[in-house]
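This is run.cif (mmCIF, N, CA and C atoms).
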```cif
data_entry
loop_
_atom_site.label_atom_id
_atom_site.label_comp_id
_atom_site.auth_asym_id
_atom_site.auth_seq_id
_atom_site.Cartn_x
_atom_site.Cartn_y
_atom_site.Cartn_z
N MET Q 1 -22.56 -49.53 -10.83
CA MET Q 1 -23.67 -49.03 -11.63
C MET Q 1 -23.14 -48.06 -12.67
N GLN Q 2 -23.55 -48.26 -13.90
CA GLN Q 2 -23.12 -47.42 -15.01
C GLN Q 2 -23.83 -46.07 -14.93
N LYS Q 3 -23.08 -44.97 -15.06
CA LYS Q 3 -23.64 -43.62 -14.94
C LYS Q 3 -24.60 -43.30 -16.08
N PHE Q 4 -24.31 -43.76 -17.31
CA PHE Q 4 -25.14 -43.50 -18.47
C PHE Q 4 -25.54 -44.84 -19.08
N PRO Q 5 -26.58 -45.47 -18.56
CA PRO Q 5 -26.89 -46.85 -18.92
C PRO Q 5 -27.23 -47.09 -20.39
N HIS Q 6 -27.70 -46.10 -21.13
CA HIS Q 6 -28.11 -46.31 -22.51
C HIS Q 6 -27.05 -45.90 -23.52
N GLN Q 7 -25.90 -45.43 -23.04
CA GLN Q 7 -24.84 -45.00 -23.94
C GLN Q 7 -24.17 -46.22 -24.56
N PRO Q 8 -24.02 -46.22 -25.89
CA PRO Q 8 -23.32 -47.34 -26.54
C PRO Q 8 -21.89 -47.49 -25.99
N GLN Q 9 -21.49 -48.72 -25.72
CA GLN Q 9 -20.16 -48.98 -25.17
C GLN Q 9 -19.59 -50.24 -25.78
N ASP Q 10 -18.27 -50.31 -25.78
CA ASP Q 10 -17.59 -51.56 -26.09
C ASP Q 10 -16.63 -51.83 -24.94
N ASP Q 11 -15.69 -52.74 -25.12
CA ASP Q 11 -14.76 -53.10 -24.04
C ASP Q 11 -13.90 -51.93 -23.58
N GLN Q 12 -13.64 -50.97 -24.47
CA GLN Q 12 -12.79 -49.82 -24.13
C GLN Q 12 -13.57 -48.64 -23.55
N GLY Q 13 -14.90 -48.67 -23.61
CA GLY Q 13 -15.69 -47.57 -23.08
C GLY Q 13 -16.70 -47.05 -24.09
N PRO Q 14 -17.09 -45.79 -23.94
CA PRO Q 14 -18.12 -45.22 -24.82
C PRO Q 14 -17.70 -45.25 -26.28
N VAL Q 15 -18.68 -45.49 -27.14
CA VAL Q 15 -18.42 -45.45 -28.58
C VAL Q 15 -19.39 -44.47 -29.24
N PHE Q 16 -18.90 -43.85 -30.27
CA PHE Q 16 -19.69 -42.89 -31.01
C PHE Q 16 -19.54 -43.19 -32.49
N ASN Q 17 -20.60 -43.00 -33.25
CA ASN Q 17 -20.55 -43.25 -34.69
C ASN Q 17 -19.86 -42.14 -35.45
N GLU Q 18 -19.95 -40.93 -34.94
CA GLU Q 18 -19.39 -39.76 -35.61
C GLU Q 18 -18.77 -38.84 -34.55
N PRO Q 19 -17.77 -38.05 -34.91
CA PRO Q 19 -17.16 -37.14 -33.94
C PRO Q 19 -18.16 -36.17 -33.30
N TRP Q 20 -19.16 -35.71 -34.07
CA TRP Q 20 -20.11 -34.76 -33.50
C TRP Q 20 -20.89 -35.37 -32.34
N GLU Q 21 -21.10 -36.69 -32.35
CA GLU Q 21 -21.80 -37.33 -31.25
C GLU Q 21 -21.00 -37.20 -29.96
N ALA Q 22 -19.71 -37.45 -30.04
CA ALA Q 22 -18.84 -37.30 -28.87
C ALA Q 22 -18.80 -35.85 -28.40
N GLN Q 23 -18.79 -34.92 -29.35
CA GLN Q 23 -18.77 -33.50 -28.99
C GLN Q 23 -20.06 -33.09 -28.31
N ALA Q 24 -21.20 -33.55 -28.81
CA ALA Q 24 -22.48 -33.23 -28.18
C ALA Q 24 -22.55 -33.83 -26.78
N PHE Q 25 -22.08 -35.05 -26.65
CA PHE Q 25 -22.05 -35.72 -25.35
C PHE Q 25 -21.19 -34.92 -24.37
N ALA Q 26 -19.99 -34.54 -24.82
CA ALA Q 26 -19.07 -33.79 -23.95
C ALA Q 26 -19.64 -32.42 -23.59
N LEU Q 27 -20.32 -31.78 -24.51
CA LEU Q 27 -20.90 -30.47 -24.23
C LEU Q 27 -21.97 -30.55 -23.16
N VAL Q 28 -22.82 -31.56 -23.24
CA VAL Q 28 -23.85 -31.74 -22.21
C VAL Q 28 -23.19 -31.96 -20.85
N LEU Q 29 -22.17 -32.80 -20.81
CA LEU Q 29 -21.49 -33.05 -19.53
C LEU Q 29 -20.85 -31.77 -18.99
N ALA Q 30 -20.20 -31.00 -19.86
CA ALA Q 30 -19.55 -29.77 -19.41
C ALA Q 30 -20.56 -28.76 -18.88
N LEU Q 31 -21.68 -28.60 -19.57
CA LEU Q 31 -22.71 -27.66 -19.11
C LEU Q 31 -23.30 -28.11 -17.78
N HIS Q 32 -23.53 -29.41 -17.66
CA HIS Q 32 -24.04 -29.95 -16.39
C HIS Q 32 -23.03 -29.74 -15.26
N GLU Q 33 -21.75 -30.02 -15.53
CA GLU Q 33 -20.72 -29.87 -14.50
C GLU Q 33 -20.55 -28.41 -14.08
N LYS Q 34 -20.87 -27.47 -14.97
CA LYS Q 34 -20.82 -26.05 -14.61
C LYS Q 34 -22.06 -25.62 -13.83
N GLY Q 35 -23.00 -26.54 -13.63
CA GLY Q 35 -24.19 -26.24 -12.85
C GLY Q 35 -25.28 -25.52 -13.62
N LEU Q 36 -25.22 -25.57 -14.95
CA LEU Q 36 -26.20 -24.84 -15.74
C LEU Q 36 -27.54 -25.56 -15.84
N PHE Q 37 -27.54 -26.86 -15.54
CA PHE Q 37 -28.78 -27.61 -15.40
C PHE Q 37 -28.47 -28.88 -14.61
N SER Q 38 -29.48 -29.39 -13.95
CA SER Q 38 -29.30 -30.62 -13.17
C SER Q 38 -29.40 -31.82 -14.09
N TRP Q 39 -28.90 -32.95 -13.60
CA TRP Q 39 -29.00 -34.15 -14.41
C TRP Q 39 -30.45 -34.58 -14.56
N GLN Q 40 -31.27 -34.32 -13.54
CA GLN Q 40 -32.70 -34.65 -13.63
C GLN Q 40 -33.37 -33.80 -14.72
N GLU Q 41 -33.00 -32.52 -14.81
CA GLU Q 41 -33.55 -31.66 -15.87
C GLU Q 41 -33.15 -32.19 -17.24
N TRP Q 42 -31.87 -32.54 -17.38
CA TRP Q 42 -31.38 -33.06 -18.64
C TRP Q 42 -32.11 -34.34 -19.02
N ALA Q 43 -32.22 -35.27 -18.08
CA ALA Q 43 -32.87 -36.55 -18.35
C ALA Q 43 -34.32 -36.35 -18.78
N ALA Q 44 -35.01 -35.39 -18.17
CA ALA Q 44 -36.40 -35.12 -18.53
C ALA Q 44 -36.51 -34.60 -19.96
N VAL Q 45 -35.63 -33.67 -20.33
CA VAL Q 45 -35.67 -33.11 -21.69
C VAL Q 45 -35.30 -34.17 -22.71
N LEU Q 46 -34.26 -34.94 -22.45
CA LEU Q 46 -33.85 -36.00 -23.38
C LEU Q 46 -34.95 -37.05 -23.52
N SER Q 47 -35.53 -37.46 -22.41
CA SER Q 47 -36.62 -38.46 -22.45
C SER Q 47 -37.80 -37.95 -23.27
N GLU Q 48 -38.11 -36.67 -23.10
CA GLU Q 48 -39.21 -36.07 -23.86
C GLU Q 48 -38.90 -36.11 -25.37
N GLN Q 49 -37.68 -35.78 -25.74
CA GLN Q 49 -37.31 -35.77 -27.16
C GLN Q 49 -37.33 -37.18 -27.75
N ILE Q 50 -36.88 -38.15 -26.99
CA ILE Q 50 -36.91 -39.54 -27.47
C ILE Q 50 -38.36 -40.00 -27.64
N ALA Q 51 -39.22 -39.67 -26.66
CA ALA Q 51 -40.64 -40.05 -26.75
C ALA Q 51 -41.31 -39.39 -27.95
N LEU Q 52 -41.00 -38.12 -28.21
CA LEU Q 52 -41.56 -37.43 -29.37
C LEU Q 52 -41.10 -38.09 -30.67
N ALA Q 53 -39.84 -38.47 -30.73
CA ALA Q 53 -39.31 -39.13 -31.92
C ALA Q 53 -39.97 -40.48 -32.13
N GLN Q 54 -40.13 -41.23 -31.06
CA GLN Q 54 -40.78 -42.54 -31.17
C GLN Q 54 -42.23 -42.39 -31.59
N ALA Q 55 -42.91 -41.39 -31.05
CA ALA Q 55 -44.30 -41.14 -31.44
C ALA Q 55 -44.39 -40.74 -32.91
N GLY Q 56 -43.31 -40.13 -33.42
CA GLY Q 56 -43.25 -39.73 -34.82
C GLY Q 56 -42.76 -40.83 -35.75
N GLY Q 57 -42.50 -42.03 -35.21
CA GLY Q 57 -42.12 -43.15 -36.06
C GLY Q 57 -40.68 -43.61 -35.95
N ASP Q 58 -39.87 -42.99 -35.10
CA ASP Q 58 -38.48 -43.44 -34.93
C ASP Q 58 -38.51 -44.87 -34.39
N PRO Q 59 -37.87 -45.82 -35.09
CA PRO Q 59 -37.92 -47.21 -34.65
C PRO Q 59 -37.05 -47.52 -33.43
N ASP Q 60 -36.30 -46.55 -32.93
CA ASP Q 60 -35.50 -46.71 -31.72
C ASP Q 60 -34.55 -47.90 -31.80
N ARG Q 61 -33.71 -47.88 -32.85
CA ARG Q 61 -32.70 -48.93 -33.01
C ARG Q 61 -31.35 -48.51 -32.43
N GLY Q 62 -31.28 -47.31 -31.87
CA GLY Q 62 -30.05 -46.83 -31.27
C GLY Q 62 -29.24 -45.94 -32.19
N ASN Q 63 -29.46 -46.00 -33.49
CA ASN Q 63 -28.65 -45.22 -34.41
C ASN Q 63 -29.05 -43.74 -34.46
N THR Q 64 -30.18 -43.39 -33.86
CA THR Q 64 -30.61 -41.99 -33.84
C THR Q 64 -30.48 -41.36 -32.45
N TYR Q 65 -29.91 -42.10 -31.52
CA TYR Q 65 -29.84 -41.66 -30.13
C TYR Q 65 -29.22 -40.28 -30.00
N TYR Q 66 -28.09 -40.03 -30.65
CA TYR Q 66 -27.42 -38.74 -30.48
C TYR Q 66 -28.09 -37.62 -31.27
N GLN Q 67 -28.93 -37.97 -32.24
CA GLN Q 67 -29.76 -36.93 -32.85
C GLN Q 67 -30.75 -36.40 -31.82
N HIS Q 68 -31.32 -37.31 -31.03
CA HIS Q 68 -32.22 -36.90 -29.95
C HIS Q 68 -31.45 -36.10 -28.89
N TRP Q 69 -30.25 -36.55 -28.62
CA TRP Q 69 -29.37 -35.88 -27.65
C TRP Q 69 -29.15 -34.43 -28.09
N LEU Q 70 -28.88 -34.24 -29.39
CA LEU Q 70 -28.62 -32.90 -29.92
C LEU Q 70 -29.87 -32.02 -29.85
N VAL Q 71 -31.02 -32.57 -30.21
CA VAL Q 71 -32.27 -31.80 -30.13
C VAL Q 71 -32.54 -31.42 -28.68
N ALA Q 72 -32.30 -32.35 -27.76
CA ALA Q 72 -32.50 -32.06 -26.34
C ALA Q 72 -31.53 -30.99 -25.86
N LEU Q 73 -30.30 -31.03 -26.35
CA LEU Q 73 -29.31 -30.00 -25.98
C LEU Q 73 -29.77 -28.62 -26.46
N GLU Q 74 -30.27 -28.55 -27.67
CA GLU Q 74 -30.79 -27.27 -28.18
C GLU Q 74 -31.96 -26.79 -27.33
N LYS Q 75 -32.86 -27.70 -26.99
CA LYS Q 75 -34.04 -27.33 -26.20
C LYS Q 75 -33.65 -26.83 -24.81
N ILE Q 76 -32.80 -27.57 -24.11
CA ILE Q 76 -32.44 -27.15 -22.76
C ILE Q 76 -31.61 -25.87 -22.79
N SER Q 77 -30.84 -25.68 -23.85
CA SER Q 77 -30.07 -24.44 -24.00
C SER Q 77 -31.01 -23.23 -24.11
N GLN Q 78 -32.11 -23.43 -24.80
CA GLN Q 78 -33.09 -22.36 -24.92
C GLN Q 78 -33.85 -22.17 -23.61
N GLN Q 79 -34.24 -23.26 -22.98
CA GLN Q 79 -34.98 -23.18 -21.71
C GLN Q 79 -34.17 -22.45 -20.63
N LYS Q 80 -32.86 -22.67 -20.64
CA LYS Q 80 -31.98 -22.08 -19.62
C LYS Q 80 -31.37 -20.76 -20.09
N ASN Q 81 -31.85 -20.23 -21.20
CA ASN Q 81 -31.36 -18.96 -21.75
C ASN Q 81 -29.85 -18.98 -22.02
N LEU Q 82 -29.34 -20.14 -22.42
CA LEU Q 82 -27.95 -20.24 -22.81
C LEU Q 82 -27.79 -19.90 -24.28
N SER Q 83 -28.89 -20.02 -25.01
CA SER Q 83 -28.93 -19.72 -26.43
C SER Q 83 -30.38 -19.42 -26.78
N ASN Q 84 -30.61 -18.98 -28.00
CA ASN Q 84 -31.99 -18.76 -28.44
C ASN Q 84 -32.15 -19.32 -29.85
N GLU Q 85 -33.38 -19.37 -30.31
CA GLU Q 85 -33.66 -19.99 -31.60
C GLU Q 85 -32.93 -19.27 -32.74
N GLU Q 86 -32.89 -17.95 -32.70
CA GLU Q 86 -32.21 -17.19 -33.75
C GLU Q 86 -30.73 -17.55 -33.81
N GLU Q 87 -30.10 -17.60 -32.65
CA GLU Q 87 -28.67 -17.94 -32.61
C GLU Q 87 -28.42 -19.36 -33.11
N LEU Q 88 -29.28 -20.30 -32.71
CA LEU Q 88 -29.12 -21.68 -33.16
C LEU Q 88 -29.30 -21.80 -34.67
N LEU Q 89 -30.29 -21.10 -35.22
CA LEU Q 89 -30.50 -21.14 -36.67
C LEU Q 89 -29.33 -20.51 -37.42
N ARG Q 90 -28.80 -19.41 -36.89
CA ARG Q 90 -27.65 -18.76 -37.52
C ARG Q 90 -26.44 -19.69 -37.51
N ARG Q 91 -26.21 -20.35 -36.38
CA ARG Q 91 -25.06 -21.24 -36.26
C ARG Q 91 -25.22 -22.46 -37.17
N LYS Q 92 -26.44 -23.01 -37.27
CA LYS Q 92 -26.68 -24.15 -38.17
C LYS Q 92 -26.42 -23.74 -39.61
N SER Q 93 -26.87 -22.56 -39.98
CA SER Q 93 -26.64 -22.05 -41.32
C SER Q 93 -25.14 -21.89 -41.60
N GLN Q 94 -24.43 -21.40 -40.60
CA GLN Q 94 -22.99 -21.21 -40.73
C GLN Q 94 -22.28 -22.56 -40.92
N TRP Q 95 -22.69 -23.57 -40.16
CA TRP Q 95 -22.08 -24.90 -40.29
C TRP Q 95 -22.41 -25.51 -41.65
N THR Q 96 -23.64 -25.31 -42.12
CA THR Q 96 -24.01 -25.83 -43.44
C THR Q 96 -23.14 -25.20 -44.51
N ALA Q 97 -22.97 -23.88 -44.46
CA ALA Q 97 -22.12 -23.18 -45.42
C ALA Q 97 -20.67 -23.66 -45.31
N ALA Q 98 -20.21 -23.87 -44.10
CA ALA Q 98 -18.84 -24.36 -43.90
C ALA Q 98 -18.67 -25.74 -44.54
N TYR Q 99 -19.65 -26.61 -44.33
CA TYR Q 99 -19.61 -27.95 -44.91
C TYR Q 99 -19.56 -27.88 -46.43
N LEU Q 100 -20.42 -27.04 -47.00
CA LEU Q 100 -20.48 -26.91 -48.46
C LEU Q 100 -19.23 -26.27 -49.05
N ASN Q 101 -18.52 -25.48 -48.26
CA ASN Q 101 -17.31 -24.80 -48.73
C ASN Q 101 -16.01 -25.53 -48.38
N THR Q 102 -16.12 -26.73 -47.85
CA THR Q 102 -14.94 -27.49 -47.45
C THR Q 102 -14.67 -28.59 -48.46
N PRO Q 103 -13.45 -28.65 -48.99
CA PRO Q 103 -13.11 -29.71 -49.94
C PRO Q 103 -13.27 -31.10 -49.31
N HIS Q 104 -13.67 -32.04 -50.14
CA HIS Q 104 -13.84 -33.42 -49.68
C HIS Q 104 -12.56 -33.93 -49.03
N GLY Q 105 -12.74 -34.58 -47.89
CA GLY Q 105 -11.60 -35.16 -47.19
C GLY Q 105 -10.92 -34.23 -46.20
N LYS Q 106 -11.31 -32.98 -46.20
CA LYS Q 106 -10.73 -32.00 -45.27
C LYS Q 106 -11.66 -31.82 -44.08
N PRO Q 107 -11.14 -31.49 -42.92
CA PRO Q 107 -12.02 -31.25 -41.77
C PRO Q 107 -12.83 -29.97 -41.97
N VAL Q 108 -14.07 -30.02 -41.56
CA VAL Q 108 -14.94 -28.85 -41.66
C VAL Q 108 -14.63 -27.91 -40.52
N GLU Q 109 -14.36 -26.65 -40.86
CA GLU Q 109 -14.10 -25.62 -39.86
C GLU Q 109 -15.14 -24.52 -40.01
N LEU Q 110 -15.66 -24.06 -38.92
CA LEU Q 110 -16.73 -23.06 -38.93
C LEU Q 110 -16.35 -21.82 -39.74
N SER Q 111 -15.09 -21.44 -39.73
CA SER Q 111 -14.66 -20.25 -40.45
C SER Q 111 -14.93 -20.35 -41.95
N ALA Q 112 -15.03 -21.56 -42.49
CA ALA Q 112 -15.32 -21.74 -43.92
C ALA Q 112 -16.75 -21.32 -44.25
N GLY Q 113 -17.59 -21.16 -43.23
CA GLY Q 113 -18.98 -20.77 -43.46
C GLY Q 113 -19.28 -19.33 -43.12
N GLU Q 114 -18.26 -18.59 -42.73
CA GLU Q 114 -18.48 -17.20 -42.35
C GLU Q 114 -18.58 -16.34 -43.60
N THR Q 115 -19.51 -15.40 -43.55
CA THR Q 115 -19.64 -14.45 -44.64
C THR Q 115 -19.02 -13.14 -44.21
N PHE Q 116 -18.31 -12.53 -45.11
CA PHE Q 116 -17.60 -11.31 -44.79
C PHE Q 116 -18.21 -10.13 -45.48
#
```

Starting from the file, give its structure as structure tokens.
Amino acid sequence: MQKFPHQPQDDQGPVFNEPWEAQAFALVLALHEKGLFSWQEWAAVLSEQIALAQAGGDPDRGNTYYQHWLVALEKISQQKNLSNEEELLRRKSQWTAAYLNTPHGKPVELSAGETF
């Protein structure tokens, strides 16, 4: 039995469209393995986010799956007091600034978005 039945896979194993998808996936697994939330809690939050997206018109073709995963990660992080909305907004702003300050073709590093 496959542990994550809806995760995209090929012959070599899990596949991700972008590196951030793999990072979000790994972060959820690491937080779960540290006992910060149960798999049932995670599944409930993720299912809720997918249902909300579908109700909002997401055609559920699989290409938005990790966007839902990320929204669910933010939500459960707040529910479990691992983070808060202010911190998440600050970090998103920092990543946006880092992206905008990174030359094309170079890896984006959070330090490029820090203000001094």

Once the PyMOL selection byres ((chain Q and resi 83-99) around 7) has been applied to the shown file, what residues remain in the selection, as a compact mmCIF listing (two decimals) with N, CA and C atoms, in the coordinates of the input?
```txt
# COMPACT_ATOMS: atom_id res chain seq x y z
N ILE Q 76 -32.80 -27.57 -24.11
CA ILE Q 76 -32.44 -27.15 -22.76
C ILE Q 76 -31.61 -25.87 -22.79
N SER Q 77 -30.84 -25.68 -23.85
CA SER Q 77 -30.07 -24.44 -24.00
C SER Q 77 -31.01 -23.23 -24.11
N GLN Q 78 -32.11 -23.43 -24.80
CA GLN Q 78 -33.09 -22.36 -24.92
C GLN Q 78 -33.85 -22.17 -23.61
N GLN Q 79 -34.24 -23.26 -22.98
CA GLN Q 79 -34.98 -23.18 -21.71
C GLN Q 79 -34.17 -22.45 -20.63
N LYS Q 80 -32.86 -22.67 -20.64
CA LYS Q 80 -31.98 -22.08 -19.62
C LYS Q 80 -31.37 -20.76 -20.09
N ASN Q 81 -31.85 -20.23 -21.20
CA ASN Q 81 -31.36 -18.96 -21.75
C ASN Q 81 -29.85 -18.98 -22.02
N LEU Q 82 -29.34 -20.14 -22.42
CA LEU Q 82 -27.95 -20.24 -22.81
C LEU Q 82 -27.79 -19.90 -24.28
N LEU Q 100 -20.42 -27.04 -47.00
CA LEU Q 100 -20.48 -26.91 -48.46
C LEU Q 100 -19.23 -26.27 -49.05
N ASN Q 101 -18.52 -25.48 -48.26
CA ASN Q 101 -17.31 -24.80 -48.73
C ASN Q 101 -16.01 -25.53 -48.38
N THR Q 102 -16.12 -26.73 -47.85
CA THR Q 102 -14.94 -27.49 -47.45
C THR Q 102 -14.67 -28.59 -48.46
N PRO Q 103 -13.45 -28.65 -48.99
CA PRO Q 103 -13.11 -29.71 -49.94
C PRO Q 103 -13.27 -31.10 -49.31
N VAL Q 108 -14.07 -30.02 -41.56
CA VAL Q 108 -14.94 -28.85 -41.66
C VAL Q 108 -14.63 -27.91 -40.52
N GLU Q 109 -14.36 -26.65 -40.86
CA GLU Q 109 -14.10 -25.62 -39.86
C GLU Q 109 -15.14 -24.52 -40.01
N LEU Q 110 -15.66 -24.06 -38.92
CA LEU Q 110 -16.73 -23.06 -38.93
C LEU Q 110 -16.35 -21.82 -39.74
N SER Q 111 -15.09 -21.44 -39.73
CA SER Q 111 -14.66 -20.25 -40.45
C SER Q 111 -14.93 -20.35 -41.95
N ALA Q 112 -15.03 -21.56 -42.49
CA ALA Q 112 -15.32 -21.74 -43.92
C ALA Q 112 -16.75 -21.32 -44.25
N GLY Q 113 -17.59 -21.16 -43.23
CA GLY Q 113 -18.98 -20.77 -43.46
C GLY Q 113 -19.28 -19.33 -43.12
N GLU Q 114 -18.26 -18.59 -42.73
CA GLU Q 114 -18.48 -17.20 -42.35
C GLU Q 114 -18.58 -16.34 -43.60
```

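Once the PyMOL selection byres (((chain Q and resi 20-23 and name CA) around 12) and name CA) is applied to the depicted file, the selected set reads Gln7, Pro8, Pro14, Val15, Phe16, Asn17, Glu18, Pro19, Ala24, Phe25, Ala26, Leu27, Val28, Leu29, Ala30, Asn63, Thr64, Tyr65, Tyr66, Gln67, His68, Trp69, Leu70, Val71, Leu73 and Val108 of chain Q.
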
Next item on the list: Any chance you could list, as an MDAnalysis selection string, the residues in chain Q that come up alpha helix (DSSP H) when DSSP is run on the backbone?
Entry: chainID Q and resid 19:33 39:55 65:79 85:100

Check: Interatomic distance between CA of Pro107 in chain Q and CA of His32 in chain Q?
Finding: 28.1 Å

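Atom to atom, CA of Ala53 in chain Q and CA of Glu74 in chain Q stand 15.1 Å apart.
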
Next item on the list: Would you mind reading off the distance between CA of Val45 in chain Q and CA of Asp11 in chain Q, one decimal, in Å?
Entry: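 These atoms are spaced 29.0 Å apart.
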
Can we get range 47-81 of chain Q of that structure written down with C-alpha atoms, as a short mmCIF file (atom, residue, chain, number, x, y, z; two decimals), in the first residue's frame?
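Just written: part-v4.cif:
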```cif
data_model
loop_
_atom_site.label_atom_id
_atom_site.label_comp_id
_atom_site.auth_asym_id
_atom_site.auth_seq_id
_atom_site.Cartn_x
_atom_site.Cartn_y
_atom_site.Cartn_z
CA SER Q 47 -8.49 17.83 2.55
CA GLU Q 48 -10.21 20.99 3.75
CA GLN Q 49 -7.90 23.19 1.64
CA ILE Q 50 -8.43 21.05 -1.45
CA ALA Q 51 -12.22 21.14 -0.95
CA LEU Q 52 -12.14 24.93 -0.54
CA ALA Q 53 -10.08 25.28 -3.72
CA GLN Q 54 -12.43 23.02 -5.66
CA ALA Q 55 -15.44 24.96 -4.37
CA GLY Q 56 -13.67 28.10 -5.59
CA GLY Q 57 -13.28 26.69 -9.11
CA ASP Q 58 -9.99 24.75 -9.02
CA PRO Q 59 -10.43 22.12 -11.76
CA ASP Q 60 -8.33 19.59 -9.79
CA ARG Q 61 -6.04 18.53 -12.61
CA GLY Q 62 -3.18 17.81 -10.21
CA ASN Q 63 -1.05 20.81 -11.16
CA THR Q 64 -2.20 22.81 -8.12
CA TYR Q 65 -1.83 20.01 -5.58
CA TYR Q 66 1.26 21.42 -3.87
CA GLN Q 67 -0.25 24.90 -3.75
CA HIS Q 68 -2.96 23.34 -1.58
CA TRP Q 69 -0.25 21.49 0.34
CA LEU Q 70 1.50 24.81 1.06
CA VAL Q 71 -1.71 26.56 2.17
CA ALA Q 72 -2.47 23.59 4.44
CA LEU Q 73 1.07 23.75 5.86
CA GLU Q 74 0.60 27.44 6.69
CA LYS Q 75 -2.78 26.73 8.29
CA ILE Q 76 -1.62 23.82 10.45
CA SER Q 77 1.48 25.80 11.44
CA GLN Q 78 -0.79 28.51 12.78
CA GLN Q 79 -3.20 26.06 14.43
CA LYS Q 80 -0.31 24.38 16.25
CA ASN Q 81 1.33 27.72 17.18
#
```
